[in-house]
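Here's the structure, in structure tokens; my notes come after.
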Amino acid sequence: QVHLVESGGGLVQPGGSLRLSCTASGINFRLYTMNWYRQAVGKQRELVASITSDHSRNYTDSVKGRFTISRDNVRNRVFLEMNSLKPEDAAAYYCNVRARGSVFWGRGTQVTISG
């Protein structure tokens, strides 16, 4: 069974930083593209960043230059380093993987921008 567990969210001031982490189990992690999505209140869920099995990275335009996705294939983890956070980055952030013909999601971690 595939499980994704996110952590690292919290309350931060504009301009601050957070590092999100997602730990995966139940898959051969190193083989799969891992994704971070986010969903703000009243908005659709959007793809924020992806990292392929060979560490190629893609970002949505609004986070380019501020966010960095990375992965640790030994510990089955994917990270999202978020810098220069803006109020519009506030959202629930979700880890995602497409594997075995299905799509799997974590429960999310909340990022709140205030102050």
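Letters for chains follow the order of the structure tokens (A, B, ...), residue numbers begin at 1 for each chain, and ligand numbers begin at 1 in the order shown.
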Need the shell around stretch 38-41 of chain A: protein/DNA/RNA residues with any atom at most 8 Å away, counting only C-alpha atoms. Skip same-chain ones fewer than 2 positions apart. Format as a list in words? Trp36, Lys43, Gln44, Arg45, Glu46, Leu47, Val48, Ala90, Ala91, Ala92, Tyr93 and Tyr94 of chain A
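Residues with any atom within 9 Å of A:Ser114, counting only C-alpha atoms and excluding same-chain neighbours fewer than 2 positions away, are Leu11, Val12, Gln13, Pro14, Pro87, Ala90 and Thr112 of chain A.
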Can you list every residue in chain A that DSSP puts in helix (DSSP H, G or I), as a PyMOL selection string? chain A and resi 29-31+61-63+87-89
Please, could you write that set of residues out with all heavy atoms as a PDB file, in the first residue's frame?
```
ATOM      1  N   PHE A  29      10.588   3.994  -4.726  1.00  0.00           N
ATOM      2  CA  PHE A  29      10.559   5.453  -4.784  1.00  0.00           C
ATOM      3  C   PHE A  29      11.428   6.031  -5.891  1.00  0.00           C
ATOM      4  O   PHE A  29      11.008   6.954  -6.602  1.00  0.00           O
ATOM      5  CB  PHE A  29      11.013   5.995  -3.419  1.00  0.00           C
ATOM      6  CG  PHE A  29      11.072   7.485  -3.314  1.00  0.00           C
ATOM      7  CD1 PHE A  29       9.919   8.212  -3.049  1.00  0.00           C
ATOM      8  CD2 PHE A  29      12.277   8.165  -3.459  1.00  0.00           C
ATOM      9  CE1 PHE A  29       9.960   9.590  -2.935  1.00  0.00           C
ATOM     10  CE2 PHE A  29      12.333   9.539  -3.355  1.00  0.00           C
ATOM     11  CZ  PHE A  29      11.173  10.260  -3.088  1.00  0.00           C
ATOM     12  N   ARG A  30      12.607   5.493  -6.059  1.00  0.00           N
ATOM     13  CA  ARG A  30      13.582   6.097  -6.978  1.00  0.00           C
ATOM     14  C   ARG A  30      13.114   6.068  -8.438  1.00  0.00           C
ATOM     15  O   ARG A  30      13.651   6.784  -9.275  1.00  0.00           O
ATOM     16  CB  ARG A  30      14.928   5.387  -6.861  1.00  0.00           C
ATOM     17  CG  ARG A  30      14.885   3.919  -7.272  1.00  0.00           C
ATOM     18  CD  ARG A  30      16.230   3.246  -7.054  1.00  0.00           C
ATOM     19  NE  ARG A  30      16.178   1.839  -7.437  1.00  0.00           N
ATOM     20  CZ  ARG A  30      16.384   1.409  -8.675  1.00  0.00           C
ATOM     21  NH1 ARG A  30      16.657   2.266  -9.635  1.00  0.00           N
ATOM     22  NH2 ARG A  30      16.327   0.109  -8.946  1.00  0.00           N
ATOM     23  N   LEU A  31      12.105   5.261  -8.737  1.00  0.00           N
ATOM     24  CA  LEU A  31      11.666   5.107 -10.117  1.00  0.00           C
ATOM     25  C   LEU A  31      10.644   6.156 -10.555  1.00  0.00           C
ATOM     26  O   LEU A  31      10.384   6.293 -11.757  1.00  0.00           O
ATOM     27  CB  LEU A  31      11.052   3.723 -10.330  1.00  0.00           C
ATOM     28  CG  LEU A  31      11.950   2.525 -10.103  1.00  0.00           C
ATOM     29  CD1 LEU A  31      11.169   1.234 -10.355  1.00  0.00           C
ATOM     30  CD2 LEU A  31      13.183   2.586 -11.005  1.00  0.00           C
ATOM     31  N   ASP A  61       5.312  28.792 -12.813  1.00  0.00           N
ATOM     32  CA  ASP A  61       6.007  30.072 -13.002  1.00  0.00           C
ATOM     33  C   ASP A  61       6.047  30.914 -11.728  1.00  0.00           C
ATOM     34  O   ASP A  61       7.039  31.603 -11.458  1.00  0.00           O
ATOM     35  CB  ASP A  61       5.327  30.876 -14.110  1.00  0.00           C
ATOM     36  CG  ASP A  61       5.645  30.337 -15.491  1.00  0.00           C
ATOM     37  OD1 ASP A  61       6.590  29.510 -15.607  1.00  0.00           O
ATOM     38  OD2 ASP A  61       4.960  30.726 -16.452  1.00  0.00           O
ATOM     39  N   SER A  62       4.995  30.846 -10.937  1.00  0.00           N
ATOM     40  CA  SER A  62       4.900  31.742  -9.782  1.00  0.00           C
ATOM     41  C   SER A  62       5.915  31.431  -8.682  1.00  0.00           C
ATOM     42  O   SER A  62       6.122  32.256  -7.792  1.00  0.00           O
ATOM     43  CB  SER A  62       3.486  31.710  -9.207  1.00  0.00           C
ATOM     44  OG  SER A  62       3.170  30.414  -8.749  1.00  0.00           O
ATOM     45  N   VAL A  63       6.533  30.262  -8.720  1.00  0.00           N
ATOM     46  CA  VAL A  63       7.489  29.902  -7.670  1.00  0.00           C
ATOM     47  C   VAL A  63       8.916  29.780  -8.184  1.00  0.00           C
ATOM     48  O   VAL A  63       9.842  29.541  -7.379  1.00  0.00           O
ATOM     49  CB  VAL A  63       7.085  28.594  -6.958  1.00  0.00           C
ATOM     50  CG1 VAL A  63       5.642  28.662  -6.485  1.00  0.00           C
ATOM     51  CG2 VAL A  63       7.322  27.370  -7.817  1.00  0.00           C
ATOM     52  N   PRO A  87       2.240  36.117   0.539  1.00  0.00           N
ATOM     53  CA  PRO A  87       0.892  35.763   1.018  1.00  0.00           C
ATOM     54  C   PRO A  87       0.169  34.799   0.081  1.00  0.00           C
ATOM     55  O   PRO A  87      -0.583  33.931   0.545  1.00  0.00           O
ATOM     56  CB  PRO A  87       0.201  37.123   1.079  1.00  0.00           C
ATOM     57  CG  PRO A  87       1.302  38.088   1.358  1.00  0.00           C
ATOM     58  CD  PRO A  87       2.473  37.566   0.577  1.00  0.00           C
ATOM     59  N   GLU A  88       0.408  34.931  -1.201  1.00  0.00           N
ATOM     60  CA  GLU A  88      -0.281  34.061  -2.167  1.00  0.00           C
ATOM     61  C   GLU A  88       0.248  32.627  -2.170  1.00  0.00           C
ATOM     62  O   GLU A  88      -0.310  31.763  -2.846  1.00  0.00           O
ATOM     63  CB  GLU A  88      -0.210  34.648  -3.571  1.00  0.00           C
ATOM     64  CG  GLU A  88       1.180  34.984  -4.045  1.00  0.00           C
ATOM     65  CD  GLU A  88       1.521  36.459  -3.840  1.00  0.00           C
ATOM     66  OE1 GLU A  88       1.170  37.019  -2.780  1.00  0.00           O
ATOM     67  OE2 GLU A  88       2.171  37.035  -4.734  1.00  0.00           O
ATOM     68  N   ASP A  89       1.318  32.360  -1.424  1.00  0.00           N
ATOM     69  CA  ASP A  89       1.806  30.989  -1.282  1.00  0.00           C
ATOM     70  C   ASP A  89       1.055  30.217  -0.201  1.00  0.00           C
ATOM     71  O   ASP A  89       1.242  28.995  -0.071  1.00  0.00           O
ATOM     72  CB  ASP A  89       3.294  30.978  -0.940  1.00  0.00           C
ATOM     73  CG  ASP A  89       4.161  31.540  -2.043  1.00  0.00           C
ATOM     74  OD1 ASP A  89       3.910  31.210  -3.224  1.00  0.00           O
ATOM     75  OD2 ASP A  89       5.097  32.299  -1.730  1.00  0.00           O
TER      76      ASP A  89
END
```
Excluding A:Arg66 and residues on its chain fewer than 5 positions from it, collect all residues at most 8 Å away from it, counting only C-alpha atoms, and give them as an MDAnalysis selection string. chainID A and resid 82:85
Run DSSP on the backbone and give me the residues of stretch 1-98 of chain A it puts in strand (DSSP E or B), as number ranges by chain. A: 3-7, 10-12, 18-25, 34-39, 46-51, 57-59, 67-72, 77-82, 91-98
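Considering the residues A:Arg107, A:Lys86, A:Arg100, A:Arg71 and counting only C-alpha atoms, A:Ile51 has its shortest atom-to-atom contact with A:Arg71.
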If you count only C-alpha atoms, which residues fall within 8 Å of stretch 1-10 of chain A, apart from same-chain ones fewer than 2 positions away, as a PDB file with N, CA and C atoms, in the first residue's frame?
```
ATOM      1  N   VAL A  12       4.484  31.400   8.916  1.00  0.00           N
ATOM      2  CA  VAL A  12       5.703  32.140   8.616  1.00  0.00           C
ATOM      3  C   VAL A  12       5.328  33.527   8.129  1.00  0.00           C
ATOM      4  N   LEU A  18      10.322  28.048   4.525  1.00  0.00           N
ATOM      5  CA  LEU A  18       9.902  26.772   5.095  1.00  0.00           C
ATOM      6  C   LEU A  18      10.465  25.656   4.231  1.00  0.00           C
ATOM      7  N   ARG A  19      10.652  24.511   4.851  1.00  0.00           N
ATOM      8  CA  ARG A  19      11.064  23.326   4.108  1.00  0.00           C
ATOM      9  C   ARG A  19      10.059  22.218   4.364  1.00  0.00           C
ATOM     10  N   LEU A  20       9.368  21.839   3.318  1.00  0.00           N
ATOM     11  CA  LEU A  20       8.412  20.745   3.408  1.00  0.00           C
ATOM     12  C   LEU A  20       9.096  19.433   3.079  1.00  0.00           C
ATOM     13  N   SER A  21       8.599  18.378   3.707  1.00  0.00           N
ATOM     14  CA  SER A  21       9.136  17.047   3.478  1.00  0.00           C
ATOM     15  C   SER A  21       7.983  16.078   3.249  1.00  0.00           C
ATOM     16  N   CYS A  22       8.194  15.123   2.390  1.00  0.00           N
ATOM     17  CA  CYS A  22       7.212  14.058   2.148  1.00  0.00           C
ATOM     18  C   CYS A  22       7.950  12.731   2.161  1.00  0.00           C
ATOM     19  N   THR A  23       7.499  11.834   3.010  1.00  0.00           N
ATOM     20  CA  THR A  23       8.076  10.495   3.082  1.00  0.00           C
ATOM     21  C   THR A  23       7.137   9.508   2.434  1.00  0.00           C
ATOM     22  N   ALA A  24       7.666   8.733   1.504  1.00  0.00           N
ATOM     23  CA  ALA A  24       6.866   7.768   0.757  1.00  0.00           C
ATOM     24  C   ALA A  24       7.193   6.348   1.189  1.00  0.00           C
ATOM     25  N   SER A  25       6.183   5.504   1.148  1.00  0.00           N
ATOM     26  CA  SER A  25       6.378   4.085   1.399  1.00  0.00           C
ATOM     27  C   SER A  25       5.464   3.300   0.476  1.00  0.00           C
ATOM     28  N   GLY A  26       5.823   2.048   0.225  1.00  0.00           N
ATOM     29  CA  GLY A  26       4.984   1.191  -0.601  1.00  0.00           C
ATOM     30  C   GLY A  26       5.281   1.251  -2.076  1.00  0.00           C
ATOM     31  N   ILE A  27       6.276   2.032  -2.471  1.00  0.00           N
ATOM     32  CA  ILE A  27       6.669   2.111  -3.872  1.00  0.00           C
ATOM     33  C   ILE A  27       8.188   2.045  -3.974  1.00  0.00           C
ATOM     34  N   TYR A  94       0.445  19.388  -0.855  1.00  0.00           N
ATOM     35  CA  TYR A  94       0.256  17.949  -0.940  1.00  0.00           C
ATOM     36  C   TYR A  94       1.354  17.300  -1.769  1.00  0.00           C
ATOM     37  N   CYS A  95       1.797  16.168  -1.300  1.00  0.00           N
ATOM     38  CA  CYS A  95       2.718  15.313  -2.036  1.00  0.00           C
ATOM     39  C   CYS A  95       1.895  14.370  -2.919  1.00  0.00           C
ATOM     40  N   ASN A  96       2.425  14.057  -4.080  1.00  0.00           N
ATOM     41  CA  ASN A  96       1.652  13.268  -5.057  1.00  0.00           C
ATOM     42  C   ASN A  96       2.593  12.382  -5.869  1.00  0.00           C
ATOM     43  N   PHE A 104      -1.718   8.792  -6.063  1.00  0.00           N
ATOM     44  CA  PHE A 104      -1.696   8.770  -4.603  1.00  0.00           C
ATOM     45  C   PHE A 104      -1.385  10.156  -4.055  1.00  0.00           C
ATOM     46  N   TRP A 105      -2.053  10.473  -2.957  1.00  0.00           N
ATOM     47  CA  TRP A 105      -1.893  11.768  -2.313  1.00  0.00           C
ATOM     48  C   TRP A 105      -1.596  11.582  -0.834  1.00  0.00           C
ATOM     49  N   GLY A 106      -0.830  12.507  -0.294  1.00  0.00           N
ATOM     50  CA  GLY A 106      -0.732  12.598   1.148  1.00  0.00           C
ATOM     51  C   GLY A 106      -1.896  13.408   1.688  1.00  0.00           C
ATOM     52  N   ARG A 107      -1.904  13.585   3.009  1.00  0.00           N
ATOM     53  CA  ARG A 107      -2.988  14.337   3.637  1.00  0.00           C
ATOM     54  C   ARG A 107      -2.738  15.836   3.627  1.00  0.00           C
ATOM     55  N   GLY A 108      -1.527  16.216   3.314  1.00  0.00           N
ATOM     56  CA  GLY A 108      -1.227  17.633   3.194  1.00  0.00           C
ATOM     57  C   GLY A 108      -0.616  18.237   4.436  1.00  0.00           C
ATOM     58  N   THR A 109       0.043  19.365   4.233  1.00  0.00           N
ATOM     59  CA  THR A 109       0.584  20.146   5.338  1.00  0.00           C
ATOM     60  C   THR A 109       0.278  21.610   5.047  1.00  0.00           C
ATOM     61  N   GLN A 110      -0.179  22.320   6.059  1.00  0.00           N
ATOM     62  CA  GLN A 110      -0.673  23.679   5.871  1.00  0.00           C
ATOM     63  C   GLN A 110       0.456  24.701   5.976  1.00  0.00           C
ATOM     64  N   VAL A 111       0.483  25.605   5.028  1.00  0.00           N
ATOM     65  CA  VAL A 111       1.412  26.727   5.058  1.00  0.00           C
ATOM     66  C   VAL A 111       0.597  28.000   5.199  1.00  0.00           C
ATOM     67  N   THR A 112       0.864  28.739   6.254  1.00  0.00           N
ATOM     68  CA  THR A 112       0.153  29.984   6.535  1.00  0.00           C
ATOM     69  C   THR A 112       1.156  31.128   6.514  1.00  0.00           C
TER      70      THR A 112
END
```
Just to confirm, what's the straight-line distance from atom CA of A:Asn73 to atom CA of A:Arg98 in Å (one decimal)?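 Atom CA of A:Arg98 lies at a distance of 16.4 Å from atom CA of A:Asn73.
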Using only C-alpha atoms, pick whichever of A:Lys64, A:Arg57, A:Gly16, A:Ile113 has the shortest atom-to-atom distance to A:Met34. A:Arg57
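Among the candidates A:Ala99, A:Gly15, A:Ser50, A:Tyr32, the one nearest to A:Leu80 when counting only C-alpha atoms is A:Ser50.
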Atom CA of A:Val97 to atom CA of A:Gly42: how many Å, to one decimal?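 Answer for the atom CA of A:Val97 to atom CA of A:Gly42 separation: 23.7 Å.
Atom to atom, atom CA of A:His55 and atom CA of A:Thr33 stand 8.6 Å apart.
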